[in-house]
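Containing CSV, C-alpha atoms (C1' of nucleotides): upload.csv.
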chain,number,residue,atom,x,y,z
A,39,MET,CA,4.3,-7.5,6.1
A,40,SER,CA,4.8,-5.0,3.3
A,41,THR,CA,3.0,-7.3,0.9
A,42,VAL,CA,0.0,-7.6,3.2
A,43,PHE,CA,-0.3,-3.8,3.6
A,44,LYS,CA,0.2,-3.3,-0.1
A,45,ALA,CA,-2.6,-5.8,-0.7
A,46,LEU,CA,-4.8,-3.9,1.7
A,47,SER,CA,-4.1,-0.6,0.1
A,48,ASP,CA,-6.5,-1.3,-2.8
A,49,PRO,CA,-10.2,-0.9,-2.1
A,50,THR,CA,-11.1,-3.7,-4.5
A,51,ARG,CA,-8.9,-6.1,-2.7
A,52,ARG,CA,-10.1,-5.1,0.7
A,53,ARG,CA,-13.7,-5.7,-0.6
A,54,VAL,CA,-12.7,-9.1,-1.9
A,55,LEU,CA,-11.5,-10.0,1.6
A,56,GLU,CA,-14.7,-8.8,3.1
A,57,LEU,CA,-16.7,-10.9,0.7
A,58,LEU,CA,-14.6,-13.8,1.5
A,59,ARG,CA,-15.3,-13.3,5.2
A,60,GLU,CA,-18.6,-15.1,4.7
A,61,GLY,CA,-17.1,-18.1,3.2
A,62,PRO,CA,-15.0,-19.3,0.1
A,63,GLN,CA,-16.1,-18.0,-3.3
A,64,SER,CA,-15.1,-18.6,-6.8
A,65,ALA,CA,-13.1,-16.1,-8.8
A,66,GLY,CA,-16.1,-15.5,-11.1
A,67,ALA,CA,-18.5,-15.0,-8.2
A,68,LEU,CA,-16.1,-12.5,-6.6
A,69,ALA,CA,-15.5,-10.8,-9.9
A,70,ALA,CA,-19.3,-10.3,-10.4
A,71,HIS,CA,-19.2,-7.8,-7.6
A,72,PHE,CA,-16.9,-5.4,-9.4
A,73,ASN,CA,-16.8,-3.3,-12.5
A,74,VAL,CA,-13.5,-4.5,-13.9
A,75,SER,CA,-12.4,-7.2,-16.3
A,76,LYS,CA,-11.8,-10.8,-15.2
A,77,PRO,CA,-8.1,-10.5,-15.9
A,78,THR,CA,-7.9,-7.5,-13.7
A,79,MET,CA,-9.6,-9.4,-10.9
A,80,SER,CA,-7.2,-12.2,-11.5
A,81,ALA,CA,-4.3,-9.8,-11.0
A,82,HIS,CA,-5.9,-8.7,-7.7
A,83,PHE,CA,-6.3,-12.3,-6.6
A,84,SER,CA,-2.7,-12.8,-7.4
A,85,VAL,CA,-1.6,-9.9,-5.2
A,86,LEU,CA,-3.8,-11.3,-2.4
A,87,LYS,CA,-2.2,-14.8,-2.8
A,88,GLU,CA,1.3,-13.2,-2.8
A,89,ALA,CA,0.4,-11.6,0.5
A,90,ASP,CA,-0.8,-15.0,1.7
A,91,LEU,CA,-4.1,-13.5,2.6
A,92,VAL,CA,-6.1,-16.0,0.5
A,93,GLU,CA,-5.6,-19.5,-0.7
A,94,ALA,CA,-6.8,-20.8,-4.0
A,95,VAL,CA,-8.3,-24.2,-4.3
A,96,ARG,CA,-9.3,-25.7,-7.6
A,97,GLN,CA,-12.8,-27.2,-7.4
A,98,GLY,CA,-13.7,-28.7,-10.8
A,99,LYS,CA,-13.5,-26.0,-13.3
A,100,THR,CA,-13.8,-23.2,-10.8
A,101,ILE,CA,-11.3,-21.9,-8.4
A,102,LEU,CA,-12.4,-21.2,-4.8
A,103,TYR,CA,-10.7,-18.5,-2.8
A,104,HIS,CA,-10.5,-18.9,0.9
A,105,LEU,CA,-9.7,-16.1,3.3
A,106,LYS,CA,-6.7,-16.7,5.5
A,107,LEU,CA,-7.9,-14.9,8.5
A,108,SER,CA,-5.0,-15.6,10.8
A,109,VAL,CA,-2.6,-14.0,8.4
A,110,LEU,CA,-4.7,-10.9,8.3
A,111,GLU,CA,-5.0,-11.0,12.1
A,112,ASP,CA,-1.2,-11.3,12.5
A,113,ALA,CA,-0.5,-8.3,10.3
A,114,LEU,CA,-3.2,-6.0,11.6
A,115,LEU,CA,-3.1,-6.8,15.3
A,116,GLY,CA,0.6,-7.6,15.4
A,117,PHE,CA,1.4,-4.2,14.0
A,118,ALA,CA,-1.1,-2.5,16.2
A,119,ARG,CA,0.4,-4.1,19.2
A,120,VAL,CA,3.8,-2.4,18.5
A,121,PHE,CA,2.0,0.8,19.2
A,122,GLY,CA,0.2,-0.4,22.3
A,123,LEU,CA,-3.1,-0.4,20.4
A,124,GLY,CA,-5.9,-2.8,21.1
A,125,GLU,CA,-4.2,-3.8,24.2
A,126,THR,CA,-7.2,-3.9,26.4
A,127,ALA,CA,-6.5,-7.6,26.1
A,128,PRO,CA,-2.7,-8.4,26.5
A,129,PRO,CA,-0.7,-5.3,27.6
A,130,PRO,CA,3.0,-6.3,27.3
A,131,ALA,CA,4.7,-3.9,29.7
A,132,ILE,CA,5.8,-0.8,27.9
A,133,LYS,CA,9.3,0.3,28.8
A,134,LYS,CA,8.9,4.1,28.7
A,135,ASN,CA,5.9,4.8,30.8
A,136,SER,CA,5.5,8.4,29.7
A,137,GLU,CA,4.1,8.0,26.2
A,138,ASN,CA,1.0,6.0,26.5
A,139,LYS,CA,-1.4,8.9,26.3
A,140,LYS,CA,-4.0,8.6,23.5
A,141,GLU,CA,-5.2,12.1,23.9
A,142,ASP,CA,-2.8,14.5,25.5
A,143,PRO,CA,-4.7,16.9,27.9
A,144,VAL,CA,-1.6,18.9,28.9
A,145,SER,CA,-0.3,19.5,25.4
B,219,MET,CA,-8.3,4.1,4.4
B,220,SER,CA,-6.4,3.3,1.2
B,221,THR,CA,-3.9,6.0,1.9
B,222,VAL,CA,-3.2,4.7,5.3
B,223,PHE,CA,-2.6,1.2,4.1
B,224,LYS,CA,-0.5,2.5,1.2
B,225,ALA,CA,1.6,4.4,3.7
B,226,LEU,CA,2.0,1.3,5.8
B,227,SER,CA,3.1,-0.7,2.8
B,228,ASP,CA,6.6,0.7,2.9
B,229,PRO,CA,9.1,-0.6,5.6
B,230,THR,CA,10.8,2.8,5.9
B,231,ARG,CA,7.5,4.5,6.6
B,232,ARG,CA,6.5,1.9,9.1
B,233,ARG,CA,9.8,2.3,10.8
B,234,VAL,CA,9.3,6.1,10.9
B,235,LEU,CA,6.0,5.6,12.7
B,236,GLU,CA,7.6,3.3,15.2
B,237,LEU,CA,10.3,5.8,15.9
B,238,LEU,CA,7.7,8.5,16.4
B,239,ARG,CA,6.0,6.2,18.9
B,240,GLU,CA,8.5,7.4,21.5
B,241,GLY,CA,7.8,11.1,20.9
B,242,PRO,CA,8.0,13.8,18.2
B,243,GLN,CA,11.2,14.0,16.2
B,244,SER,CA,12.6,16.3,13.6
B,245,ALA,CA,12.8,15.3,9.9
B,246,GLY,CA,16.6,15.3,10.2
B,247,ALA,CA,16.7,13.1,13.3
B,248,LEU,CA,14.4,10.6,11.7
B,249,ALA,CA,16.3,10.7,8.4
B,250,ALA,CA,19.5,9.8,10.3
B,251,HIS,CA,18.1,6.3,10.9
B,252,PHE,CA,17.9,5.5,7.2
B,253,ASN,CA,20.2,5.0,4.4
B,254,VAL,CA,18.4,7.2,1.9
B,255,SER,CA,18.7,10.9,0.9
B,256,LYS,CA,16.9,13.6,2.8
B,257,PRO,CA,14.6,14.4,-0.2
B,258,THR,CA,13.6,10.8,-0.3
B,259,MET,CA,12.7,10.9,3.4
B,260,SER,CA,10.8,14.1,2.8
B,261,ALA,CA,8.7,12.2,0.2
B,262,HIS,CA,8.0,9.5,2.8
B,263,PHE,CA,7.0,12.1,5.3
B,264,SER,CA,4.7,13.6,2.7
B,265,VAL,CA,3.0,10.2,2.2
B,266,LEU,CA,2.5,9.9,5.9
B,267,LYS,CA,1.1,13.3,6.1
B,268,GLU,CA,-1.2,12.6,3.2
B,269,ALA,CA,-2.5,9.6,5.1
B,270,ASP,CA,-2.9,11.8,8.2
B,271,LEU,CA,-0.7,9.5,10.2
B,272,VAL,CA,1.6,12.2,11.2
B,273,GLU,CA,1.5,16.0,11.8
B,274,ALA,CA,4.2,18.4,11.0
B,275,VAL,CA,4.9,21.3,13.3
B,276,ARG,CA,7.5,23.8,12.6
B,277,GLN,CA,9.8,24.5,15.6
B,278,GLY,CA,12.3,27.1,14.8
B,279,LYS,CA,14.3,25.9,11.8
B,280,THR,CA,13.5,22.3,12.3
B,281,ILE,CA,10.2,20.5,11.6
B,282,LEU,CA,8.8,18.1,14.3
B,283,TYR,CA,6.8,15.2,13.2
B,284,HIS,CA,4.1,13.9,15.6
B,285,LEU,CA,2.5,10.5,15.4
B,286,LYS,CA,-1.3,10.6,15.1
B,287,LEU,CA,-1.9,7.4,17.0
B,288,SER,CA,-5.7,7.6,16.8
B,289,VAL,CA,-5.7,7.6,13.0
B,290,LEU,CA,-3.5,4.5,13.0
B,291,GLU,CA,-5.8,2.9,15.5
B,292,ASP,CA,-8.9,3.7,13.6
B,293,ALA,CA,-7.5,2.2,10.4
B,294,LEU,CA,-5.9,-0.9,11.9
B,295,LEU,CA,-8.5,-1.9,14.5
B,296,GLY,CA,-11.4,-0.5,12.5
B,297,PHE,CA,-10.6,-2.7,9.6
B,298,ALA,CA,-9.8,-5.7,11.9
B,299,ARG,CA,-13.2,-5.3,13.5
B,300,VAL,CA,-14.9,-5.9,10.2
B,301,PHE,CA,-13.5,-9.4,10.3
B,302,GLY,CA,-14.3,-9.9,13.9
B,303,LEU,CA,-10.7,-9.6,14.9
B,304,GLY,CA,-9.3,-8.2,18.1
B,305,GLU,CA,-12.7,-8.2,19.7
B,306,THR,CA,-11.4,-9.4,23.0
B,307,ALA,CA,-11.2,-5.8,24.0
B,308,PRO,CA,-14.0,-3.4,23.0
B,309,PRO,CA,-17.1,-5.3,22.1
B,310,PRO,CA,-19.3,-2.4,20.9
B,311,ALA,CA,-22.7,-4.1,21.2
B,312,ILE,CA,-23.1,-6.2,18.1
B,313,LYS,CA,-26.7,-6.2,16.7
B,314,LYS,CA,-26.8,-9.7,15.2
B,315,ASN,CA,-25.5,-12.0,17.8
B,316,SER,CA,-24.7,-14.8,15.4
B,317,GLU,CA,-21.7,-13.4,13.7
B,318,ASN,CA,-19.1,-13.0,16.3
B,319,LYS,CA,-17.4,-16.2,15.5
B,320,LYS,CA,-13.7,-15.9,15.0
B,321,GLU,CA,-13.4,-19.4,13.7
B,322,ASP,CA,-16.5,-21.0,12.3
B,323,PRO,CA,-16.9,-24.5,13.5
B,324,VAL,CA,-20.0,-25.4,11.5
B,325,SER,CA,-18.6,-24.3,8.1
C,1106,DT,C1',-12.3,-35.7,-29.7
C,1107,DA,C1',-14.7,-31.4,-29.7
C,1108,DG,C1',-17.1,-27.7,-27.5
C,1109,DA,C1',-18.1,-24.9,-23.7
C,1110,DT,C1',-16.8,-22.7,-19.6
C,1111,DA,C1',-13.7,-20.7,-15.8
C,1112,DA,C1',-9.8,-18.6,-15.0
C,1113,DT,C1',-4.9,-17.3,-15.9
C,1114,DT,C1',-1.2,-15.6,-18.8
C,1115,DA,C1',0.7,-12.5,-22.5
C,1116,DG,C1',1.3,-8.1,-24.1
C,1117,DC,C1',0.3,-3.5,-24.0
C,1118,DT,C1',-0.5,1.5,-22.0
C,1119,DA,C1',-0.9,5.2,-18.7
C,1120,DA,C1',-0.2,6.5,-14.2
C,1121,DT,C1',2.3,6.1,-9.9
C,1122,DT,C1',6.3,5.1,-6.9
C,1123,DG,C1',10.9,5.4,-4.9
C,1124,DT,C1',15.0,7.1,-5.6
C,1125,DC,C1',18.5,10.4,-6.9
C,1126,DT,C1',21.0,15.3,-7.6
C,1127,DA,C1',20.4,20.1,-7.8
C,1128,DT,C1',17.9,23.9,-6.3
C,1129,DT,C1',14.9,26.7,-3.6
C,1130,DC,C1',12.6,28.2,0.7
C,1131,DA,C1',12.5,29.5,5.7
C,1132,DT,C1',14.6,30.5,9.8
C,1133,DG,C1',18.0,32.0,13.2
C,1134,DA,C1',22.7,34.1,13.9
C,1135,DG,C1',26.1,37.5,13.0
D,1459,DC,C1',21.4,42.2,5.1
D,1460,DT,C1',24.1,38.0,4.5
D,1461,DC,C1',25.3,33.5,5.7
D,1462,DA,C1',24.6,28.8,7.3
D,1463,DT,C1',21.4,25.2,8.3
D,1464,DG,C1',17.2,22.2,8.1
D,1465,DA,C1',13.9,20.8,5.1
D,1466,DA,C1',10.9,20.9,0.9
D,1467,DT,C1',10.5,21.3,-4.2
D,1468,DA,C1',11.9,20.5,-9.1
D,1469,DG,C1',13.0,17.5,-12.5
D,1470,DA,C1',14.7,13.1,-14.1
D,1471,DC,C1',14.7,8.1,-14.3
D,1472,DA,C1',13.8,3.0,-13.7
D,1473,DA,C1',10.5,0.0,-11.7
D,1474,DT,C1',5.9,-1.1,-10.4
D,1475,DT,C1',0.9,-0.9,-10.8
D,1476,DA,C1',-3.9,-1.1,-12.4
D,1477,DG,C1',-6.3,-1.5,-16.2
D,1478,DC,C1',-7.5,-3.3,-20.9
D,1479,DT,C1',-8.1,-6.9,-25.1
D,1480,DA,C1',-6.6,-11.2,-27.0
D,1481,DA,C1',-4.8,-15.7,-26.4
D,1482,DT,C1',-3.9,-19.8,-23.6
D,1483,DT,C1',-4.7,-23.4,-20.2
D,1484,DA,C1',-7.5,-26.6,-17.5
D,1485,DT,C1',-11.6,-28.9,-16.7
D,1486,DC,C1',-16.1,-30.9,-17.5
D,1487,DT,C1',-19.6,-32.7,-20.8
D,1488,DA,C1',-21.5,-34.6,-24.8

Please express what this file holds, its structure, as structure tokens.
Amino acid sequence: MSTVFKALSDPTRRRVLELLREGPQSAGALAAHFNVSKPTMSAHFSVLKEADLVEAVRQGKTILYHLKLSVLEDALLGFARVFGLGETAPPPAIKKNSENKKEDPVS
Amino acid sequence: MSTVFKALSDPTRRRVLELLREGPQSAGALAAHFNVSKPTMSAHFSVLKEADLVEAVRQGKTILYHLKLSVLEDALLGFARVFGLGETAPPPAIKKNSENKKEDPVS
DNA sequence: TAGATAATTAGCTAATTGTCTATTCATGAG
DNA sequence: CTCATGAATAGACAATTAGCTAATTATCTA
């Protein structure tokens, strides 16, 4: 969980994930979108792998990165659900019923 | 955005937010839940404030921290939406109707 | 077996982070 | 005004991070 949010805390890495949303891409192809060195990108990929947000698959002499959407989903929505967010879908019965105000009109 | 995810990348800070979910609490009351010094907690609160995830309100000689749920929601669900996640709930009229695949069967 | 290419690892620096103790600041009570 | 209390700031330190250049590894092709 910490590793996922840590990975998401860097704009470059968030952008990489967004690029990967449209399908697997090689390290080089991804790096081409950014103004940093290849080794630096490699380090970013490493952080994303560590967080299990991407998977690296060797394909000949290139390495393809795949987005692991379900891991992202579990982290983002799982944590959101703790706060009763995004629960227009599955509302899991909050114990204390006096807190689920999103905007407090009474103050 | 980065500041929010950075704030969420620490377990202590995530826990603070969870504690705040049940209502505002003083710095001291929050600190009592953790095994670190008060100044360390103060630094964590500072990061949460920086990310605009909490609001500090002086109340006599204590300081009450309030959770800013909407900011958390915007970050978590907003980013999730970029990936087509969590769209079972508020589908805000997508322009291109060919992208709302959560899993792409055609590849 | 080379040579070329894609990507990672090694080694470095500067900046940031999480933690501590000691100190200061702000407030309410005598 | 002075004291006690709740909390933040100051200053120090080890660990981590993002970035770089240079070197290494892995793979394909000739």

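The interface of chain B with chain D at 12 Å, considering only C-alpha atoms (C1' of nucleotides), consists of Ser244, Ala245, Gly246, Ala247, Ala249, Ser255, Lys256, Pro257, Thr258, Met259, Ser260, Ala261, His262, Phe263, Ser264, Ala274, Arg276, Gln277, Gly278, Lys279, Thr280, Ile281 and Leu282 of chain B.
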
Requested in this report: For chain A, work out the contacting residues on chain C at 12 Å, counting only C-alpha atoms (C1' of nucleotides), and write them as a ChimeraX atom specification.
Outcome: /C:1109-1115

**Report entry** Distance in Å - CA of Ser40 (chain A) versus CA of Lys286 (chain B)
**Finding:**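 Between these atoms lies a distance of 20.5 Å.
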
Sorted by chain and rising residue number, list the residues of chain A at most 7 Å from chain B (counting all atoms listed in the file), each with its closest atom pair and distance in Å to one decimal, as a Markdown table.
| residue | atom | partner | partner_atom | distance |
| --- | --- | --- | --- | --- |
| A:Ser40 | CA | B:Ser227 | CA | 4.7 |
| A:Thr41 | CA | B:Ser227 | CA | 6.9 |
| A:Phe43 | CA | B:Ser227 | CA | 4.7 |
| A:Lys44 | CA | B:Ser227 | CA | 4.9 |
| A:Leu46 | CA | B:Phe223 | CA | 6.1 |
| A:Ser47 | CA | B:Phe223 | CA | 4.6 |
| A:Asp48 | CA | B:Ser220 | CA | 6.1 |
| A:Pro49 | CA | B:Ser220 | CA | 6.6 |
| A:Arg59 | CA | B:Phe301 | CA | 6.7 |
| A:Glu111 | CA | B:Leu303 | CA | 6.5 |
| A:Leu114 | CA | B:Leu294 | CA | 5.8 |
| A:Leu115 | CA | B:Gly304 | CA | 6.9 |
| A:Ala118 | CA | B:Leu294 | CA | 6.6 |
| A:Phe121 | CA | B:Arg239 | CA | 6.7 |
| A:Leu123 | CA | B:Glu291 | CA | 6.5 |
| A:Gly124 | CA | B:Ala307 | CA | 6.7 |
| A:Thr126 | CA | B:Ala307 | CA | 5.0 |
| A:Ala127 | CA | B:Ala307 | CA | 5.5 |
| A:Glu137 | CA | B:Glu240 | CA | 6.5 |
| A:Lys140 | CA | B:Leu287 | CA | 6.9 |

Query - Ordered Cα pairing of chain A with chain B, RMSD after least-squares superposition - result: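 RMSD over all C-alpha atoms: 1.8 Å.
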
Query raised in the report: To one decimal place, how far is CA of Glu268 (chain B) from CA of Arg233 (chain B) in Å?
Result: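 Taking CA of Glu268 (chain B) and CA of Arg233 (chain B), their separation equals 16.9 Å.
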
Query raised in the report: So how far away is CA of Tyr283 (chain B) from CA of Gln243 (chain B), in Å?
Result: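 Rounded to one decimal, the two atoms are 5.5 Å apart.
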
Report summary line: Of A:Leu105, A:Leu86, A:Thr50, A:Glu93, the one nearest to Val74 (chain A) when counting all atoms listed in the file is A:Thr50

With the input short on atoms, add N, CA and C atoms back to region 46-69 of chain A and write it as a short mmCIF file (atom, residue, chain, number, x, y, z; two decimals), in the frame of the given file.
data_model
loop_
_atom_site.label_atom_id
_atom_site.label_comp_id
_atom_site.auth_asym_id
_atom_site.auth_seq_id
_atom_site.Cartn_x
_atom_site.Cartn_y
_atom_site.Cartn_z
N LEU A 46 -3.68 -4.59 1.03
CA LEU A 46 -4.80 -3.90 1.70
C LEU A 46 -4.99 -2.48 1.19
N SER A 47 -4.01 -1.97 0.48
CA SER A 47 -4.10 -0.60 0.10
C SER A 47 -5.01 -0.34 -1.12
N ASP A 48 -5.54 -1.40 -1.67
CA ASP A 48 -6.50 -1.30 -2.80
C ASP A 48 -7.91 -1.59 -2.34
N PRO A 49 -8.86 -0.70 -2.61
CA PRO A 49 -10.20 -0.90 -2.10
C PRO A 49 -10.86 -2.17 -2.71
N THR A 50 -10.59 -2.46 -3.95
CA THR A 50 -11.10 -3.70 -4.50
C THR A 50 -10.67 -4.91 -3.77
N ARG A 51 -9.39 -4.92 -3.46
CA ARG A 51 -8.90 -6.10 -2.70
C ARG A 51 -9.40 -6.16 -1.32
N ARG A 52 -9.56 -5.02 -0.67
CA ARG A 52 -10.10 -5.10 0.70
C ARG A 52 -11.56 -5.61 0.62
N ARG A 53 -12.29 -5.18 -0.41
CA ARG A 53 -13.70 -5.70 -0.60
C ARG A 53 -13.70 -7.16 -0.83
N VAL A 54 -12.77 -7.63 -1.60
CA VAL A 54 -12.70 -9.10 -1.90
C VAL A 54 -12.54 -9.82 -0.55
N LEU A 55 -11.66 -9.33 0.28
CA LEU A 55 -11.50 -10.00 1.60
C LEU A 55 -12.73 -9.98 2.40
N GLU A 56 -13.43 -8.86 2.35
CA GLU A 56 -14.70 -8.80 3.10
C GLU A 56 -15.71 -9.77 2.59
N LEU A 57 -15.77 -9.90 1.27
CA LEU A 57 -16.70 -10.90 0.70
C LEU A 57 -16.34 -12.28 1.11
N LEU A 58 -15.05 -12.52 1.18
CA LEU A 58 -14.60 -13.80 1.50
C LEU A 58 -14.78 -14.18 3.02
N ARG A 59 -15.07 -13.14 3.78
CA ARG A 59 -15.30 -13.30 5.20
C ARG A 59 -16.49 -14.26 5.44
N GLU A 60 -17.43 -14.26 4.51
CA GLU A 60 -18.60 -15.10 4.70
C GLU A 60 -18.50 -16.46 4.11
N GLY A 61 -17.29 -16.78 3.69
CA GLY A 61 -17.10 -18.10 3.20
C GLY A 61 -16.37 -18.07 1.80
N PRO A 62 -15.76 -19.20 1.41
CA PRO A 62 -15.00 -19.30 0.10
C PRO A 62 -15.94 -18.97 -1.04
N GLN A 63 -15.37 -18.32 -2.04
CA GLN A 63 -16.10 -18.00 -3.30
C GLN A 63 -15.21 -18.20 -4.47
N SER A 64 -15.83 -18.47 -5.59
CA SER A 64 -15.10 -18.60 -6.80
C SER A 64 -14.61 -17.29 -7.36
N ALA A 65 -13.59 -17.33 -8.20
CA ALA A 65 -13.10 -16.10 -8.80
C ALA A 65 -14.19 -15.39 -9.57
N GLY A 66 -14.98 -16.13 -10.30
CA GLY A 66 -16.10 -15.50 -11.10
C GLY A 66 -17.10 -14.88 -10.19
N ALA A 67 -17.49 -15.58 -9.14
CA ALA A 67 -18.50 -15.00 -8.20
C ALA A 67 -17.99 -13.74 -7.59
N LEU A 68 -16.72 -13.73 -7.22
CA LEU A 68 -16.10 -12.50 -6.60
C LEU A 68 -16.11 -11.41 -7.68
N ALA A 69 -15.66 -11.76 -8.88
CA ALA A 69 -15.50 -10.80 -9.90
C ALA A 69 -16.84 -10.09 -10.25
#
